[in-house]
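So this one's upload_5.cif, mmCIF, C-alpha atoms:
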```cif
data_start
#
loop_
_atom_site.label_atom_id
_atom_site.label_comp_id
_atom_site.auth_asym_id
_atom_site.auth_seq_id
_atom_site.Cartn_x
_atom_site.Cartn_y
_atom_site.Cartn_z
CA VAL R 135 5.61 9.47 -9.55
CA THR R 136 5.39 9.37 -5.78
CA ALA R 137 3.97 6.29 -4.17
CA SER R 138 3.88 7.65 -0.65
CA CYS R 139 0.08 7.81 -0.67
CA CYS R 140 -0.17 4.15 -1.57
CA GLY R 141 1.50 2.48 1.37
CA SER R 142 -1.24 -0.12 1.47
CA TRP R 143 -0.49 -1.11 -2.14
CA SER R 144 2.76 -2.71 -1.06
CA GLU R 145 1.71 -3.75 2.43
CA ASN R 146 1.32 -7.46 3.06
CA ILE R 147 -2.44 -7.99 2.82
CA LEU R 148 -2.45 -9.98 6.07
CA GLU R 149 -0.94 -7.03 7.95
CA TYR R 150 -3.38 -4.66 6.26
CA PHE R 151 -6.52 -6.67 7.08
CA LEU R 152 -5.28 -7.47 10.60
CA ARG R 153 -4.70 -3.77 11.24
CA ASN R 154 -8.26 -3.10 10.10
CA ASN R 155 -9.69 -5.91 12.27
CA ARG R 156 -10.98 -7.81 9.23
CA ILE R 157 -9.09 -11.03 10.08
CA THR R 158 -7.88 -12.46 13.39
CA THR R 159 -4.45 -14.03 12.64
CA GLU R 160 -1.66 -13.86 10.06
CA ASP R 161 -3.11 -16.76 8.11
CA GLY R 162 -3.56 -16.53 4.35
CA ALA R 163 -6.49 -18.94 4.52
CA GLU R 164 -8.52 -16.28 6.35
CA ILE R 165 -8.57 -14.03 3.29
CA ILE R 166 -11.83 -14.38 1.34
CA TRP R 167 -11.68 -13.89 -2.43
CA TYR R 168 -14.26 -12.97 -5.02
CA HIS R 169 -13.11 -14.22 -8.41
CA ALA R 170 -13.90 -12.69 -11.85
CA ALA R 171 -15.85 -9.64 -10.66
CA ASN R 172 -15.93 -8.37 -14.24
CA HIS R 173 -19.45 -7.62 -15.39
CA LYS R 174 -21.51 -5.09 -13.45
CA ALA R 175 -23.69 -7.80 -11.86
CA GLN R 176 -20.65 -9.73 -10.54
CA MET R 177 -18.89 -6.54 -9.48
CA ASN R 178 -21.93 -5.44 -7.46
CA GLU R 179 -22.24 -8.89 -5.91
CA ALA R 180 -18.53 -8.79 -4.99
CA LEU R 181 -18.88 -5.35 -3.40
CA LYS R 182 -21.80 -6.57 -1.26
CA SER R 183 -20.03 -9.81 -0.29
CA ASN R 184 -17.74 -10.30 2.70
CA ALA R 185 -14.72 -10.82 0.43
CA HIS R 186 -11.50 -9.09 1.44
CA MET R 187 -10.03 -9.22 -2.08
CA ILE R 188 -11.81 -8.79 -5.42
CA GLU R 189 -10.15 -10.29 -8.48
CA ALA R 190 -11.01 -9.05 -11.99
CA ASP R 191 -9.64 -9.30 -15.54
CA VAL R 192 -8.67 -6.37 -17.76
CA ILE R 193 -8.57 -6.49 -21.57
CA LEU R 194 -8.63 -4.01 -24.42
CA PRO R 195 -11.90 -4.57 -26.33
CA SER R 196 -11.67 -5.65 -29.94
CA ASN R 197 -14.48 -3.45 -31.18
CA GLY R 198 -12.11 -1.16 -33.02
CA SER R 199 -12.89 1.98 -31.01
CA GLU R 200 -9.87 4.28 -30.77
CA PRO R 201 -8.31 4.88 -28.38
CA ALA R 202 -9.48 1.64 -26.80
CA GLN R 203 -10.60 1.93 -23.18
CA PRO R 204 -9.74 -1.03 -20.94
CA VAL R 205 -12.78 -3.15 -20.06
CA MET R 206 -13.45 -5.90 -17.53
CA ALA R 207 -13.67 -9.31 -19.20
CA HIS R 208 -11.95 -12.69 -19.29
CA PRO R 209 -10.97 -14.12 -22.70
CA PRO R 210 -12.55 -15.54 -24.85
CA GLU R 211 -14.88 -12.59 -24.14
CA THR R 212 -13.84 -9.56 -26.15
CA ASN R 213 -16.07 -6.94 -24.57
CA SER R 214 -17.97 -6.10 -21.39
CA ASP R 215 -20.75 -3.98 -19.91
CA ASN R 216 -18.12 -2.58 -17.53
CA THR R 217 -15.08 -0.42 -18.25
CA LEU R 218 -12.11 -0.32 -15.89
CA GLN R 219 -12.93 3.33 -15.30
CA GLU R 220 -16.47 2.46 -14.12
CA TRP R 221 -15.17 -0.49 -12.12
CA LEU R 222 -12.63 1.63 -10.24
CA THR R 223 -15.22 4.33 -9.54
CA GLU R 224 -17.32 1.75 -7.65
CA VAL R 225 -14.49 -0.17 -6.01
CA VAL R 226 -12.83 2.90 -4.45
CA LYS R 227 -16.00 3.42 -2.40
CA SER R 228 -15.49 0.01 -0.75
CA ASN R 229 -13.01 -1.42 1.75
CA LYS R 230 -11.98 -4.26 -0.58
CA GLY R 231 -8.49 -4.96 -1.81
CA ILE R 232 -8.16 -5.54 -5.56
CA LYS R 233 -6.25 -7.84 -7.88
CA LEU R 234 -6.23 -6.85 -11.55
CA ASP R 235 -5.31 -9.63 -13.97
CA PHE R 236 -3.83 -8.59 -17.33
CA LYS R 237 -4.02 -10.94 -20.31
CA SER R 238 -2.17 -8.60 -22.69
CA LEU R 239 0.56 -6.00 -22.49
CA ALA R 240 -1.49 -3.53 -24.53
CA ALA R 241 -4.02 -3.11 -21.71
CA VAL R 242 -1.42 -2.33 -19.04
CA LYS R 243 -0.40 1.29 -19.68
CA PRO R 244 -3.92 2.70 -20.26
CA SER R 245 -5.00 0.87 -17.09
CA MET R 246 -2.12 2.29 -15.03
CA ILE R 247 -3.16 5.80 -16.11
CA LEU R 248 -6.69 5.12 -14.80
CA LEU R 249 -5.30 3.68 -11.54
CA GLU R 250 -3.07 6.73 -11.20
CA ASN R 251 -6.20 8.93 -11.35
CA VAL R 252 -7.84 7.18 -8.39
CA LYS R 253 -4.82 6.27 -6.29
CA ARG R 254 -5.52 9.02 -3.73
CA HIS R 255 -8.89 7.36 -3.04
CA LEU R 256 -7.76 3.74 -3.22
CA LYS R 257 -6.50 3.01 0.28
CA CYS R 258 -6.73 -0.79 0.10
CA PRO R 259 -4.18 -3.32 -1.15
CA VAL R 260 -3.64 -3.50 -4.91
CA TRP R 261 -2.16 -6.51 -6.70
CA ILE R 262 -1.23 -6.46 -10.39
CA ASN R 263 -1.23 -9.87 -12.07
CA ALA R 264 0.01 -11.41 -15.32
CA ASP R 265 1.26 -14.80 -16.50
CA ILE R 266 4.80 -14.00 -17.58
CA LEU R 267 6.31 -17.47 -18.07
CA PRO R 268 5.21 -20.71 -19.75
CA GLY R 269 4.26 -23.32 -17.12
CA PRO R 270 2.97 -26.91 -17.00
CA ASN R 271 0.93 -27.66 -20.17
CA GLY R 272 0.70 -23.91 -20.74
CA SER R 273 -0.54 -23.01 -24.21
CA ASN R 274 -1.77 -19.43 -23.71
CA LYS R 275 0.44 -16.55 -24.76
CA VAL R 276 2.54 -15.11 -21.93
CA VAL R 277 2.67 -11.40 -21.18
CA ASN R 278 6.22 -10.25 -21.86
CA ALA R 279 7.79 -9.97 -18.39
CA LYS R 280 10.17 -7.03 -18.75
CA PRO R 281 7.86 -4.49 -20.41
CA PHE R 282 5.02 -5.57 -18.10
CA ILE R 283 7.07 -5.07 -14.92
CA ASP R 284 8.71 -1.89 -16.25
CA THR R 285 5.40 -0.31 -17.23
CA VAL R 286 3.76 -1.07 -13.89
CA THR R 287 6.75 0.05 -11.79
CA SER R 288 7.12 3.28 -13.79
CA PHE R 289 3.73 4.26 -12.35
CA PHE R 290 3.79 2.41 -9.02
CA PRO R 291 7.29 1.45 -7.85
CA ASP R 292 6.08 -0.60 -4.89
CA VAL R 293 2.75 -2.12 -5.91
CA THR R 294 2.42 -5.84 -5.15
CA PHE R 295 3.00 -8.08 -8.16
CA SER R 296 1.25 -11.37 -8.81
CA LEU R 297 3.42 -13.16 -11.38
CA GLY R 298 2.42 -16.52 -12.75
CA TRP R 299 2.94 -19.20 -15.35
CA THR R 300 0.53 -20.19 -18.12
CA THR R 301 -0.84 -23.65 -17.30
CA GLY R 302 -3.09 -26.38 -18.61
CA TRP R 303 -4.70 -29.29 -16.83
CA HIS R 304 -5.96 -32.50 -18.44
CA PRO R 305 -8.27 -34.85 -16.53
CA GLU R 306 -7.26 -37.98 -18.41
CA LYS R 307 -3.48 -37.80 -18.10
CA VAL R 308 -0.70 -37.38 -15.58
CA ASN R 309 -0.13 -33.66 -15.14
CA GLU R 310 3.44 -32.57 -14.52
CA GLY R 311 3.90 -29.88 -11.90
CA TYR R 312 6.05 -26.75 -11.88
CA SER R 313 9.59 -27.80 -12.86
CA TRP R 314 12.90 -26.61 -11.43
CA THR R 315 13.50 -24.66 -14.64
CA MET R 316 10.17 -22.87 -14.24
CA VAL R 317 10.74 -21.78 -10.63
CA LYS R 318 14.37 -20.80 -11.31
CA GLU R 319 13.32 -18.64 -14.27
CA MET R 320 10.77 -16.93 -12.03
CA GLU R 321 13.28 -16.34 -9.24
CA TYR R 322 15.74 -14.90 -11.78
CA ILE R 323 13.13 -12.26 -12.72
CA CYS R 324 11.87 -11.57 -9.21
CA ASN R 325 15.11 -11.31 -7.26
CA GLU R 326 15.72 -8.02 -9.07
CA LEU R 327 12.49 -6.55 -7.66
CA ASN R 328 11.97 -4.82 -4.33
CA GLN R 329 8.22 -5.12 -3.90
CA PRO R 330 6.16 -8.06 -2.61
CA VAL R 331 5.49 -10.80 -5.18
CA THR R 332 2.85 -13.52 -4.97
CA PHE R 333 2.98 -16.50 -7.32
CA PRO R 334 -0.42 -17.76 -8.50
CA VAL R 335 -0.20 -21.56 -8.74
CA ARG R 336 -2.83 -24.02 -9.88
CA ALA R 337 -4.25 -26.17 -7.07
CA ALA R 338 -4.19 -29.39 -9.14
CA LEU R 339 -0.46 -28.96 -9.86
CA VAL R 340 0.88 -27.87 -6.49
CA ARG R 341 1.32 -31.13 -4.63
CA GLN R 342 3.67 -32.55 -7.25
CA SER R 343 5.67 -29.28 -7.14
CA CYS R 344 6.10 -28.86 -3.39
CA SER R 345 9.93 -29.03 -3.36
CA GLN R 346 10.22 -26.47 -6.16
CA LEU R 347 7.71 -24.06 -4.61
CA LEU R 348 9.19 -24.38 -1.11
CA TRP R 349 12.59 -23.57 -2.62
CA LEU R 350 11.12 -20.52 -4.35
CA LEU R 351 9.41 -19.13 -1.23
CA LYS R 352 12.57 -19.57 0.84
CA LYS R 353 14.37 -17.20 -1.53
CA SER R 354 12.68 -14.09 -0.09
CA ASN R 355 10.29 -13.06 2.65
CA ARG R 356 8.66 -10.85 -0.02
CA TYR R 357 7.29 -13.99 -1.72
CA SER R 358 3.98 -15.80 -1.26
CA LEU R 359 1.76 -18.28 -3.14
CA THR R 360 -1.83 -17.78 -4.23
CA ILE R 361 -3.50 -21.14 -4.89
CA TRP R 362 -6.17 -20.91 -7.61
CA ALA R 363 -8.32 -23.52 -9.36
CA GLY R 364 -9.73 -24.01 -12.84
CA LYS R 365 -13.47 -24.68 -13.02
CA ASN R 366 -13.14 -28.36 -13.91
CA ASP R 367 -9.86 -29.13 -12.18
CA ASN R 368 -9.75 -32.29 -10.15
CA TYR R 369 -7.90 -31.90 -6.86
CA SER R 370 -8.57 -32.98 -3.31
CA ILE R 371 -8.89 -31.27 0.04
CA GLU R 372 -5.97 -33.53 1.06
CA ASP R 373 -3.80 -31.74 -1.53
CA LEU R 374 -4.68 -28.38 0.07
CA LEU R 375 -4.07 -29.71 3.59
CA TYR R 376 -0.70 -31.07 2.43
CA ILE R 377 0.26 -27.58 1.23
CA ARG R 378 -0.97 -26.14 4.51
CA ASP R 379 1.23 -28.53 6.50
CA HIS R 380 4.37 -27.85 4.48
CA PHE R 381 4.26 -24.08 3.95
CA ASN R 382 4.21 -21.13 6.30
CA LYS R 383 0.53 -20.14 6.85
CA SER R 384 1.34 -16.48 6.32
CA GLN R 385 2.78 -17.21 2.86
CA VAL R 386 -0.14 -18.99 1.17
CA PHE R 387 -3.47 -17.56 -0.03
CA TYR R 388 -6.37 -19.66 -1.34
CA ASP R 389 -8.47 -18.22 -4.16
CA ILE R 390 -10.37 -21.46 -4.84
CA LEU R 391 -13.89 -22.39 -5.90
CA GLU R 392 -16.76 -24.13 -4.16
CA PRO R 393 -17.26 -26.76 -2.85
CA GLN R 394 -13.52 -27.15 -2.09
CA ASN R 395 -13.25 -23.70 -0.53
CA HIS R 396 -15.94 -24.43 2.06
CA GLU R 397 -14.64 -27.97 2.77
CA PHE R 398 -11.07 -26.73 3.13
CA LYS R 399 -12.04 -23.92 5.54
CA GLN R 400 -14.08 -26.38 7.60
CA ALA R 401 -11.20 -28.88 7.69
CA ILE R 402 -8.80 -26.25 9.05
CA GLY R 403 -11.37 -24.78 11.44
CA ILE R 404 -11.87 -21.35 9.87
CA LYS R 405 -15.39 -20.00 10.30
CA PHE R 406 -16.90 -19.69 6.86
CA SER R 407 -19.84 -17.57 5.85
CA LEU R 408 -20.97 -16.44 2.43
#
```

Any chance you could give the structure as structure tokens?
Amino acid sequence: VTASCCGSWSENILEYFLRNNRITTEDGAEIIWYHAANHKAQMNEALKSNAHMIEADVILPSNGSEPAQPVMAHPPETNSDNTLQEWLTEVVKSNKGIKLDFKSLAAVKPSMILLENVKRHLKCPVWINADILPGPNGSNKVVNAKPFIDTVTSFFPDVTFSLGWTTGWHPEKVNEGYSWTMVKEMEYICNELNQPVTFPVRAALVRQSCSQLLWLLKKSNRYSLTIWAGKNDNYSIEDLLYIRDHFNKSQVFYDILEPQNHEFKQAIGIKFSL
């Protein structure tokens, strides 16, 4: 499989969007995200929005149809009004980058085949995401790292990976952050790879894990963080500003929800428009 046509799939998204005059500086906070663009209504809204990157979730439906076609939904949903095939057909017409989040290994290969079919038309950045290691309070099943990485790279040797930890967050107790063991396990997997890797980390757990995450990012200039937030997570703008002060601006992306997203962008002086 040649990947020569997909240079943008492995290009740092800041370089890509700078080159296309969609951002003004190499600052991860300038990238606008649209999260969970799964159903047709959300997908269409995402395509009309000013987002640079569209994030969506891929599962195999449990309706027993064989062979199962990947669809766009986030568990506990088990089906969708949108297949990955239909989703890609619309997205390739846009100038958005994409991040596909896989909750199971079974969905990966059939999805890579569909991506392979459109790769000539998909000129924007592509990130492939899965939670491959257990993290703080993580109870969800991980996607087995080796077969996940091997399957994806067998199709696309230099696509950008987004490799995370399963996490939980509890409002009424002290939440431990990412431990040394967790970041060292991740580095052990990723130092074998050649392509860019971003680590999705939960906003409410980052401040207490700064030393560990700084250590991890120093291991390679291929590494970055993507800060994300659960719907009911409790974290402050101060936490985000702390991260901003301690990490290189070109190595941290912020895929967070409102109102924090707006408040954070205002606090750091980035013009924000919906």

Can you spell out as a PDB file with C-alpha atoms, keeping the file's coordinate frame the set of residues that the PyMOL selection byres ((chain R and resi 236) around 12) selects in the structure I just provided?
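Result went into out.pdb, see below:
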```
ATOM      1  CA  GLU R 189     -10.150 -10.290  -8.480  1.00  0.00           C
ATOM      2  CA  ALA R 190     -11.010  -9.050 -11.990  1.00  0.00           C
ATOM      3  CA  ASP R 191      -9.640  -9.300 -15.540  1.00  0.00           C
ATOM      4  CA  VAL R 192      -8.670  -6.370 -17.760  1.00  0.00           C
ATOM      5  CA  ILE R 193      -8.570  -6.490 -21.570  1.00  0.00           C
ATOM      6  CA  LEU R 194      -8.630  -4.010 -24.420  1.00  0.00           C
ATOM      7  CA  PRO R 204      -9.740  -1.030 -20.940  1.00  0.00           C
ATOM      8  CA  VAL R 205     -12.780  -3.150 -20.060  1.00  0.00           C
ATOM      9  CA  MET R 206     -13.450  -5.900 -17.530  1.00  0.00           C
ATOM     10  CA  ALA R 207     -13.670  -9.310 -19.200  1.00  0.00           C
ATOM     11  CA  HIS R 208     -11.950 -12.690 -19.290  1.00  0.00           C
ATOM     12  CA  PRO R 209     -10.970 -14.120 -22.700  1.00  0.00           C
ATOM     13  CA  LEU R 218     -12.110  -0.320 -15.890  1.00  0.00           C
ATOM     14  CA  LYS R 233      -6.250  -7.840  -7.880  1.00  0.00           C
ATOM     15  CA  LEU R 234      -6.230  -6.850 -11.550  1.00  0.00           C
ATOM     16  CA  ASP R 235      -5.310  -9.630 -13.970  1.00  0.00           C
ATOM     17  CA  LYS R 237      -4.020 -10.940 -20.310  1.00  0.00           C
ATOM     18  CA  SER R 238      -2.170  -8.600 -22.690  1.00  0.00           C
ATOM     19  CA  LEU R 239       0.560  -6.000 -22.490  1.00  0.00           C
ATOM     20  CA  ALA R 240      -1.490  -3.530 -24.530  1.00  0.00           C
ATOM     21  CA  ALA R 241      -4.020  -3.110 -21.710  1.00  0.00           C
ATOM     22  CA  VAL R 242      -1.420  -2.330 -19.040  1.00  0.00           C
ATOM     23  CA  LYS R 243      -0.400   1.290 -19.680  1.00  0.00           C
ATOM     24  CA  PRO R 244      -3.920   2.700 -20.260  1.00  0.00           C
ATOM     25  CA  SER R 245      -5.000   0.870 -17.090  1.00  0.00           C
ATOM     26  CA  MET R 246      -2.120   2.290 -15.030  1.00  0.00           C
ATOM     27  CA  TRP R 261      -2.160  -6.510  -6.700  1.00  0.00           C
ATOM     28  CA  ILE R 262      -1.230  -6.460 -10.390  1.00  0.00           C
ATOM     29  CA  ASN R 263      -1.230  -9.870 -12.070  1.00  0.00           C
ATOM     30  CA  ALA R 264       0.010 -11.410 -15.320  1.00  0.00           C
ATOM     31  CA  ASP R 265       1.260 -14.800 -16.500  1.00  0.00           C
ATOM     32  CA  ILE R 266       4.800 -14.000 -17.580  1.00  0.00           C
ATOM     33  CA  LYS R 275       0.440 -16.550 -24.760  1.00  0.00           C
ATOM     34  CA  VAL R 276       2.540 -15.110 -21.930  1.00  0.00           C
ATOM     35  CA  VAL R 277       2.670 -11.400 -21.180  1.00  0.00           C
ATOM     36  CA  ASN R 278       6.220 -10.250 -21.860  1.00  0.00           C
ATOM     37  CA  ALA R 279       7.790  -9.970 -18.390  1.00  0.00           C
ATOM     38  CA  PHE R 282       5.020  -5.570 -18.100  1.00  0.00           C
ATOM     39  CA  ILE R 283       7.070  -5.070 -14.920  1.00  0.00           C
ATOM     40  CA  VAL R 286       3.760  -1.070 -13.890  1.00  0.00           C
ATOM     41  CA  PHE R 295       3.000  -8.080  -8.160  1.00  0.00           C
ATOM     42  CA  SER R 296       1.250 -11.370  -8.810  1.00  0.00           C
ATOM     43  CA  LEU R 297       3.420 -13.160 -11.380  1.00  0.00           C
ATOM     44  CA  GLY R 298       2.420 -16.520 -12.750  1.00  0.00           C
TER      45      GLY R 298
END
```

Separation of CA of Met316 (chain R) from CA of Asn382 (chain R), in Å and rounded to one decimal =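 It comes out at 21.5 Å.
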
The PyMOL selection byres ((chain R and resi 315) around 12) applied to the shown file, residues as a list in words = Leu267, Pro268, Gly269, Pro270, Trp299, Gly311, Tyr312, Ser313, Trp314, Met316, Val317, Lys318, Glu319, Met320, Glu321, Tyr322, Ser343, Gln346, Leu347 and Leu350 of chain R

Give as number ranges by chain the residues that the PyMOL selection byres ((chain R and resi 224) around 12) matches when applied to the coordinates above.
-> R: 171, 174, 177-182, 216-223, 225-230, 232, 252, 255-256

Write a file of the just-selected residues containing C-alpha atoms, as a short mmCIF file (atom, residue, chain, number, x, y, z; two decimals), keeping the file's coordinate frame.
```cif
data_model
loop_
_atom_site.label_atom_id
_atom_site.label_comp_id
_atom_site.auth_asym_id
_atom_site.auth_seq_id
_atom_site.Cartn_x
_atom_site.Cartn_y
_atom_site.Cartn_z
CA ALA R 171 -15.85 -9.64 -10.66
CA LYS R 174 -21.51 -5.09 -13.45
CA MET R 177 -18.89 -6.54 -9.48
CA ASN R 178 -21.93 -5.44 -7.46
CA GLU R 179 -22.24 -8.89 -5.91
CA ALA R 180 -18.53 -8.79 -4.99
CA LEU R 181 -18.88 -5.35 -3.40
CA LYS R 182 -21.80 -6.57 -1.26
CA ASN R 216 -18.12 -2.58 -17.53
CA THR R 217 -15.08 -0.42 -18.25
CA LEU R 218 -12.11 -0.32 -15.89
CA GLN R 219 -12.93 3.33 -15.30
CA GLU R 220 -16.47 2.46 -14.12
CA TRP R 221 -15.17 -0.49 -12.12
CA LEU R 222 -12.63 1.63 -10.24
CA THR R 223 -15.22 4.33 -9.54
CA VAL R 225 -14.49 -0.17 -6.01
CA VAL R 226 -12.83 2.90 -4.45
CA LYS R 227 -16.00 3.42 -2.40
CA SER R 228 -15.49 0.01 -0.75
CA ASN R 229 -13.01 -1.42 1.75
CA LYS R 230 -11.98 -4.26 -0.58
CA ILE R 232 -8.16 -5.54 -5.56
CA VAL R 252 -7.84 7.18 -8.39
CA HIS R 255 -8.89 7.36 -3.04
CA LEU R 256 -7.76 3.74 -3.22
#
```

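In this comparison, which uses all atoms listed in the file, the residue of R:Asn184, R:Asn309, R:Asn271, R:Ser384 approaching Gly231 (chain R) most closely is R:Asn184.
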
Anything within 9 Å of (-1.7, -9.7, 8.2): list those residues as a ChimeraX atom specification, counting only C-alpha atoms and sticking to the file's coordinates.
-> /R:145-153,157-162,384

In Å, rounded to a single decimal, give me how far CA of His304 (chain R) is from CA of Pro334 (chain R).
->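 Calculated distance between CA of Pro334 (chain R) and CA of His304 (chain R) is 18.6 Å.
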
Nearest to Phe387 (chain R), chosen from R:Ala185, R:Ile323, R:Leu359, R:Ala170, with only C-alpha atoms counted in the distances |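 Using only C-alpha atoms, Phe387 (chain R) sits closest to R:Leu359.
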
Need to verify the contact set: region 396-400 of chain R, 12 Å, only C-alpha atoms, exclusion of same-chain residues closer than 2 positions in sequence. Can you return it as a PDB file with C-alpha atoms, keeping the file's coordinate frame?
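Saved result, around34.pdb, follows:
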```pdb
ATOM      1  CA  ASP R 161      -3.110 -16.760   8.110  1.00  0.00           C
ATOM      2  CA  GLY R 162      -3.560 -16.530   4.350  1.00  0.00           C
ATOM      3  CA  ALA R 163      -6.490 -18.940   4.520  1.00  0.00           C
ATOM      4  CA  GLU R 164      -8.520 -16.280   6.350  1.00  0.00           C
ATOM      5  CA  ILE R 165      -8.570 -14.030   3.290  1.00  0.00           C
ATOM      6  CA  ILE R 166     -11.830 -14.380   1.340  1.00  0.00           C
ATOM      7  CA  TYR R 369      -7.900 -31.900  -6.860  1.00  0.00           C
ATOM      8  CA  SER R 370      -8.570 -32.980  -3.310  1.00  0.00           C
ATOM      9  CA  ILE R 371      -8.890 -31.270   0.040  1.00  0.00           C
ATOM     10  CA  GLU R 372      -5.970 -33.530   1.060  1.00  0.00           C
ATOM     11  CA  ASP R 373      -3.800 -31.740  -1.530  1.00  0.00           C
ATOM     12  CA  LEU R 374      -4.680 -28.380   0.070  1.00  0.00           C
ATOM     13  CA  LEU R 375      -4.070 -29.710   3.590  1.00  0.00           C
ATOM     14  CA  TYR R 376      -0.700 -31.070   2.430  1.00  0.00           C
ATOM     15  CA  ILE R 377       0.260 -27.580   1.230  1.00  0.00           C
ATOM     16  CA  ARG R 378      -0.970 -26.140   4.510  1.00  0.00           C
ATOM     17  CA  TYR R 388      -6.370 -19.660  -1.340  1.00  0.00           C
ATOM     18  CA  ASP R 389      -8.470 -18.220  -4.160  1.00  0.00           C
ATOM     19  CA  ILE R 390     -10.370 -21.460  -4.840  1.00  0.00           C
ATOM     20  CA  LEU R 391     -13.890 -22.390  -5.900  1.00  0.00           C
ATOM     21  CA  GLU R 392     -16.760 -24.130  -4.160  1.00  0.00           C
ATOM     22  CA  PRO R 393     -17.260 -26.760  -2.850  1.00  0.00           C
ATOM     23  CA  GLN R 394     -13.520 -27.150  -2.090  1.00  0.00           C
ATOM     24  CA  ILE R 402      -8.800 -26.250   9.050  1.00  0.00           C
ATOM     25  CA  GLY R 403     -11.370 -24.780  11.440  1.00  0.00           C
ATOM     26  CA  ILE R 404     -11.870 -21.350   9.870  1.00  0.00           C
ATOM     27  CA  LYS R 405     -15.390 -20.000  10.300  1.00  0.00           C
ATOM     28  CA  PHE R 406     -16.900 -19.690   6.860  1.00  0.00           C
ATOM     29  CA  SER R 407     -19.840 -17.570   5.850  1.00  0.00           C
ATOM     30  CA  LEU R 408     -20.970 -16.440   2.430  1.00  0.00           C
TER      31      LEU R 408
END
```

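When only C-alpha atoms are used to compute distances to Asn274 (chain R), the closest of the residues R:Cys344, R:Ser142, R:Thr301, R:Asn328 turns out to be R:Thr301.
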
Which value, in Å to one decimal, gives the distance between CA of Phe381 (chain R) and CA of Asp292 (chain R)?
->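 Distance between the two atoms: 25.2 Å.
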
Pick the closest to Asp367 (chain R) from R:Ala338, R:Leu248, R:Val386, R:Leu348: which is it, counting all atoms listed in the file?
->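 Looking at the shortest contact to Asp367 (chain R), the residue is R:Ala338.
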